[in-house]
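Down below is the structure, laid out as structure tokens.
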Amino acid sequence: MLTARPRGTSDILPGQVEKWQQVERIMRQVCREYGYREIRTPIFEHTELFVRGVGETTDIVEKEMYTFLDFLDRGNRSLTLRPEGTASAVRAYLENKMQAWPQPVKLYYLGPMFRYDRPQAGRYRQFHQFGAEVFGSHHPALDAEVMAMAMDIYRRLGLDHVELQINSVGCPGCRPALREKLQEFLRPRLPELCGNCRDRFERNPLRILDCKSESCAALVVGAPTTGDCLCDDCREHFEAVQKYLQTVGLPHKINLSLVRGLDYYTHTAFEIVAPEIGAQSSVGGGGRYNGLVEACGGPPAPGIGFALGLERILLAMEARGVAVSEMPGPDVFVAVIGPEAEQEAFSLVAALRRTGLQADRDYLGRSLKAQMRYAGKINARYTVLLGGEEYRRGVAVLRHMAGGSQEEVPLAELIQRIYKEDLVQVGF
RNA sequence: GUGGGUGUAGCUCAGAGGUUAGAGCACCAGAUUGUGGCUCUGGGGGCCGUGGGUUCAAAUCCCAUCAUCCACCCCA
């Protein structure tokens, strides 16, 4: 118990964390270019927000939420660890009266989410999402911009192979019609469908369209799809979005069986897929949610957004062999020989750090040989050797580790010398 | 929630009913006393996931449990 982390969580260790930092840096950079600003919301919210915002009948709300029996505030209101970021963004938009800000409001967030799922490749109970949300515009160009931004992030991360799939899931005006038509088509075939699909028939018939079972796939041929039932507005919007995507040269595949599992999506839905990372191959997804702000008790306001899974992105980068720059070793390691120079070595390390160099020394009382071995292992660029004899003469030995050359340098000139050597090495 | 695979050293794994449980890598130390990487030598380290059972004898066979991985489901 004491030495085991909770199931489905992970420790991100030095060596790994640098990759996370690089991914996060690129995400923030792209956001800056597109004019999105960061928002940091609480990691837990009133349970009711997710029930209303994500949808009562979704799997997330029905069986995956971290809502603990005694996780109540003092007014006995139930609290839940956030399973996704959009609901919080909507809540913050309303609570902070962002309708009064210049529209549209473009926000992004980055942080841990929690879902009580069975862990597997690319699926964890605590996982991390980057997400972006835009409030206040219906414009189809915005749909395209949002997708372009997501794809820009993948491209900058070395994942230019990922596939963008898009669809329109319709609006409250036309979606029920599709549902009915589909059920009508499938009803006579119901006994032949797989068990999963028989369950889906009432709950989410659209999902039957992309069942992996071969028999279902055969039965579904000729079924009505989202494309057949869109109202004029939805169709127009969808076509406009595609035109903008072509304008920015963004390849995309129309996937008429693409359905999103969260209730709030309307019109545009999209997903980004990296097939090499296993069964959980969706590295990002999102869409429009024009009814969500109102459903959360606000004035009617359109919105669109997406979320990317950090763990899955890292998996894809790993699978694709994307090189990530490693953390370099310290600039200088100070090896102390004997007790005489001990104080001087300590102040030398401090002085090196004050000039902005990364410096370290031995803290285990090791032999010179062991100190050298350690300096080599941590990949130090220089080692300074300081013994009693050098100390008395006011000098130290400066050793360049990669080249193996070394020379005696007066202590007073040591720092200057290290900076000068740097310039020589980069070719000045 | 359902199904399958796997739990032995810090890591990757061998050991398939019979002495003090092994290898490679990693870690530590040494190879003439103040110099890393290569090589060689030595060393530390294991409740064999946990609990029960079968047996003269269990890392090994059986049951349970937990963890982990993979898949279904669902999603990022």
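By order in the structure tokens, chains are A, B, ...; within a chain, residues start at 1; ligands start at 1, following the order shown.
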Contacts between chain B and chain A, please, where a residue of chain A counts if it comes within 7 Å (with only C-alpha atoms (C1' of nucleotides)); show its shortest atom pair and distance in Å to one decimal, rows by chain and ascending number, as CSV.
residue,atom,partner,partner_atom,distance
A:Asp59,CA,B:C74,C1',6.8
A:Gln120,CA,B:C70,C1',6.8
A:Gln129,CA,B:A76,C1',6.5
A:Ser282,CA,B:A76,C1',6.8
A:Val283,CA,B:A76,C1',5.9
A:Gly284,CA,B:A76,C1',5.4
A:Gly285,CA,B:A76,C1',7.0
A:Ala307,CA,B:A76,C1',6.3
A:Leu308,CA,B:A76,C1',5.3
A:Gly309,CA,B:A76,C1',4.0
A:Leu368,CA,B:G34,C1',6.9
A:Lys369,CA,B:U35,C1',6.4
A:Met372,CA,B:G36,C1',4.6
A:Arg373,CA,B:G36,C1',4.2
A:Ala375,CA,B:G36,C1',6.7
A:Gly376,CA,B:G36,C1',4.9
What would the file look like if the residues just selected were written as an mmCIF file, in the first residue's frame with N, CA and C atoms?
data_model
loop_
_atom_site.group_PDB
_atom_site.id
_atom_site.type_symbol
_atom_site.label_atom_id
_atom_site.label_comp_id
_atom_site.auth_asym_id
_atom_site.auth_seq_id
_atom_site.Cartn_x
_atom_site.Cartn_y
_atom_site.Cartn_z
ATOM 1 N N ASP A 59 -21.198 7.416 -20.758
ATOM 2 C CA ASP A 59 -20.418 6.483 -19.942
ATOM 3 C C ASP A 59 -19.624 7.220 -18.884
ATOM 4 N N GLN A 120 -5.503 0.410 -19.725
ATOM 5 C CA GLN A 120 -4.877 -0.391 -20.784
ATOM 6 C C GLN A 120 -3.976 0.547 -21.589
ATOM 7 N N GLN A 129 -4.708 16.083 -20.392
ATOM 8 C CA GLN A 129 -5.249 16.614 -21.639
ATOM 9 C C GLN A 129 -4.790 18.047 -21.844
ATOM 10 N N SER A 282 -7.136 7.084 -30.689
ATOM 11 C CA SER A 282 -7.541 8.472 -30.860
ATOM 12 C C SER A 282 -6.644 9.371 -30.015
ATOM 13 N N VAL A 283 -5.833 10.184 -30.676
ATOM 14 C CA VAL A 283 -4.934 11.065 -29.923
ATOM 15 C C VAL A 283 -5.545 12.451 -29.701
ATOM 16 N N GLY A 284 -6.740 12.645 -30.229
ATOM 17 C CA GLY A 284 -7.394 13.924 -30.013
ATOM 18 C C GLY A 284 -8.782 13.907 -30.606
ATOM 19 N N GLY A 285 -9.636 14.779 -30.100
ATOM 20 C CA GLY A 285 -10.979 14.823 -30.657
ATOM 21 C C GLY A 285 -11.715 16.043 -30.149
ATOM 22 N N ALA A 307 -9.803 18.354 -27.404
ATOM 23 C CA ALA A 307 -8.838 17.956 -26.384
ATOM 24 C C ALA A 307 -7.878 16.943 -26.984
ATOM 25 N N LEU A 308 -6.631 17.027 -26.568
ATOM 26 C CA LEU A 308 -5.612 16.083 -27.011
ATOM 27 C C LEU A 308 -5.106 15.320 -25.794
ATOM 28 N N GLY A 309 -4.832 14.040 -25.961
ATOM 29 C CA GLY A 309 -4.336 13.222 -24.850
ATOM 30 C C GLY A 309 -2.816 13.210 -24.837
ATOM 31 N N LEU A 368 38.969 10.521 -5.674
ATOM 32 C CA LEU A 368 39.051 11.286 -6.916
ATOM 33 C C LEU A 368 38.601 10.442 -8.105
ATOM 34 N N LYS A 369 39.058 9.207 -8.124
ATOM 35 C CA LYS A 369 38.693 8.300 -9.214
ATOM 36 C C LYS A 369 37.171 8.155 -9.310
ATOM 37 N N MET A 372 35.581 11.312 -10.625
ATOM 38 C CA MET A 372 35.734 11.414 -12.077
ATOM 39 C C MET A 372 34.735 10.510 -12.794
ATOM 40 N N ARG A 373 34.604 9.312 -12.257
ATOM 41 C CA ARG A 373 33.675 8.362 -12.868
ATOM 42 C C ARG A 373 32.255 8.939 -12.838
ATOM 43 N N ALA A 375 31.443 12.129 -12.615
ATOM 44 C CA ALA A 375 31.360 13.277 -13.535
ATOM 45 C C ALA A 375 31.122 12.793 -14.964
ATOM 46 N N GLY A 376 31.776 11.689 -15.324
ATOM 47 C CA GLY A 376 31.582 11.126 -16.650
ATOM 48 C C GLY A 376 30.168 10.610 -16.824
#
#### Entry: Nearby residues (only C-alpha atoms (C1' of nucleotides)) at most 8 Å from stretch 179-195 of chain A, same-chain spacing under 3 positions excluded, as a PyMOL selection string
chain A and resi 175-176+198-199+201+205-206+213+215-216+219-220+223-225
Those same residues, written as a CSV table (one decimal), in the first residue's frame with C-alpha atoms?
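So the final result, stored in selection_28.csv, reads:
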chain,number,residue,atom,x,y,z
A,175,ARG,CA,-30.3,14.5,-35.1
A,176,PRO,CA,-33.5,12.8,-33.8
A,198,ARG,CA,-28.1,-4.9,-29.7
A,199,ASP,CA,-27.2,-2.8,-26.6
A,201,PHE,CA,-29.6,0.1,-30.6
A,205,PRO,CA,-27.5,3.5,-32.6
A,206,LEU,CA,-25.0,5.7,-34.5
A,213,SER,CA,-17.5,-7.1,-36.0
A,215,SER,CA,-21.1,-9.5,-39.5
A,216,CYS,CA,-22.4,-6.2,-38.2
A,219,LEU,CA,-25.6,-5.8,-42.1
A,220,VAL,CA,-25.0,-2.1,-41.9
A,223,ALA,CA,-27.8,2.1,-43.8
A,224,PRO,CA,-28.7,5.8,-43.6
A,225,THR,CA,-25.8,7.9,-42.3
Please give the complete set of residues from stretch 277-400 of chain A that DSSP, run on the backbone, assigns to strand (DSSP E), formatted as a CSV table (one decimal) with C-alpha atoms, in the first residue's frame.
chain,number,residue,atom,x,y,z
A,282,SER,CA,-7.5,8.5,-30.9
A,283,VAL,CA,-4.9,11.1,-29.9
A,284,GLY,CA,-7.4,13.9,-30.0
A,285,GLY,CA,-11.0,14.8,-30.7
A,286,GLY,CA,-13.5,17.6,-30.4
A,287,GLY,CA,-16.3,19.5,-32.1
A,288,ARG,CA,-18.9,22.1,-31.8
A,303,GLY,CA,-18.8,27.1,-28.7
A,304,ILE,CA,-16.3,24.7,-30.2
A,305,GLY,CA,-13.3,23.0,-28.8
A,306,PHE,CA,-11.1,19.9,-28.7
A,307,ALA,CA,-8.8,18.0,-26.4
A,308,LEU,CA,-5.6,16.1,-27.0
A,309,GLY,CA,-4.3,13.2,-24.9
A,332,VAL,CA,31.0,21.9,-14.5
A,333,PHE,CA,31.6,19.3,-11.9
A,334,VAL,CA,34.0,20.3,-9.2
A,335,ALA,CA,36.1,17.4,-7.8
A,336,VAL,CA,37.7,18.0,-4.5
A,337,ILE,CA,40.8,16.2,-3.3
A,359,ALA,CA,27.5,23.3,-11.4
A,360,ASP,CA,27.8,20.5,-9.0
A,361,ARG,CA,30.2,18.7,-6.7
A,382,TYR,CA,34.0,20.2,-17.6
A,383,THR,CA,35.5,18.9,-14.4
A,384,VAL,CA,37.5,21.2,-12.2
A,385,LEU,CA,40.0,19.3,-10.0
A,386,LEU,CA,40.9,21.1,-6.8
A,387,GLY,CA,43.4,19.6,-4.3
A,395,VAL,CA,45.0,27.4,-9.3
A,396,ALA,CA,42.8,24.5,-10.4
A,397,VAL,CA,42.9,21.9,-13.1
A,398,LEU,CA,40.2,22.4,-15.8
A,399,ARG,CA,39.5,19.2,-17.7
A,400,HIS,CA,37.3,19.1,-20.8
### Task
Within 7 Å of stretch 25-40 of chain A, counting only C-alpha atoms (C1' of nucleotides), which residues show up once you throw out same-chain ones fewer than 5 positions away? Write them as a ChimeraX atom specification, please.
/A:106-109,153
Selection above as a file: N, CA and C atoms, as a JSON list (two decimals), in the first residue's frame:
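Below is the file that was written, again_29.json:
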[["chain", "number", "residue", "atom", "x", "y", "z"],
["A", 106, "LYS", "N", -11.11, 32.91, -26.65],
["A", 106, "LYS", "CA", -10.33, 31.70, -26.99],
["A", 106, "LYS", "C", -9.49, 31.28, -25.79],
["A", 107, "LEU", "N", -9.73, 30.09, -25.30],
["A", 107, "LEU", "CA", -9.06, 29.61, -24.09],
["A", 107, "LEU", "C", -8.36, 28.28, -24.33],
["A", 108, "TYR", "N", -7.30, 28.03, -23.57],
["A", 108, "TYR", "CA", -6.73, 26.68, -23.57],
["A", 108, "TYR", "C", -6.38, 26.26, -22.15],
["A", 109, "TYR", "N", -6.30, 24.97, -21.94],
["A", 109, "TYR", "CA", -5.94, 24.43, -20.62],
["A", 109, "TYR", "C", -5.07, 23.21, -20.80],
["A", 153, "ILE", "N", -0.16, 21.41, -33.97],
["A", 153, "ILE", "CA", 0.53, 20.88, -32.79],
["A", 153, "ILE", "C", 1.13, 19.51, -33.11]]
### Query
Which residues come within 9 Å of stretch 15-21 of chain B, counting only C-alpha atoms (C1' of nucleotides), excluding same-chain residues fewer than 2 positions away, as a PyMOL selection string?
chain B and resi 8+46+48+55+57-61
### Task
Fewer than 4 positions away in the same chain doesn't count, so skip those; otherwise give me all residues within 9 Å of A:His267, counting only C-alpha atoms (C1' of nucleotides), as a list of chain:residue names.
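Those residues are A:Asn167, A:Ser168, A:Val169, A:Gly170, A:Cys171, A:Cys234, A:Arg235, A:His237, A:Phe238, A:Gly287, A:Arg288, A:Tyr289, A:Asn290.
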Residues just named, written with N, CA and C atoms as a short mmCIF file (atom, residue, chain, number, x, y, z; two decimals), in the first residue's frame:
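As a result, again_23.cif now contains:
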data_model
loop_
_atom_site.label_atom_id
_atom_site.label_comp_id
_atom_site.auth_asym_id
_atom_site.auth_seq_id
_atom_site.Cartn_x
_atom_site.Cartn_y
_atom_site.Cartn_z
N ASN A 167 -16.80 14.84 -39.35
CA ASN A 167 -18.19 14.50 -39.64
C ASN A 167 -19.07 15.62 -39.11
N SER A 168 -20.33 15.57 -39.47
CA SER A 168 -21.29 16.46 -38.83
C SER A 168 -22.31 15.60 -38.12
N VAL A 169 -22.49 15.83 -36.84
CA VAL A 169 -23.46 15.01 -36.10
C VAL A 169 -24.82 15.69 -36.02
N GLY A 170 -24.98 16.79 -36.77
CA GLY A 170 -26.28 17.43 -36.82
C GLY A 170 -26.57 18.29 -35.61
N CYS A 171 -27.78 18.78 -35.56
CA CYS A 171 -28.15 19.67 -34.46
C CYS A 171 -29.42 19.10 -33.82
N CYS A 234 -27.26 22.59 -41.22
CA CYS A 234 -26.14 21.73 -40.84
C CYS A 234 -25.31 21.37 -42.07
N ARG A 235 -26.01 21.05 -43.15
CA ARG A 235 -25.30 20.67 -44.37
C ARG A 235 -24.45 21.84 -44.88
N HIS A 237 -23.29 24.35 -43.21
CA HIS A 237 -22.17 24.58 -42.29
C HIS A 237 -21.05 23.57 -42.56
N PHE A 238 -21.43 22.31 -42.68
CA PHE A 238 -20.45 21.24 -42.88
C PHE A 238 -19.67 21.46 -44.18
N GLY A 287 -15.16 19.09 -31.26
CA GLY A 287 -16.26 19.47 -32.11
C GLY A 287 -16.99 20.68 -31.56
N ARG A 288 -18.09 20.99 -32.24
CA ARG A 288 -18.91 22.11 -31.84
C ARG A 288 -19.89 21.72 -30.75
N TYR A 289 -20.23 22.68 -29.89
CA TYR A 289 -21.23 22.40 -28.85
C TYR A 289 -22.09 23.64 -28.64
N ASN A 290 -22.89 23.92 -29.66
CA ASN A 290 -23.62 25.19 -29.64
C ASN A 290 -24.70 25.28 -28.57
#
### Shell of 10 Å around A:Ile415, only C-alpha atoms (C1' of nucleotides), local chain residues under 6 positions omitted, as a PyMOL selection string
chain A and resi 348+351-352+355+357+409+421
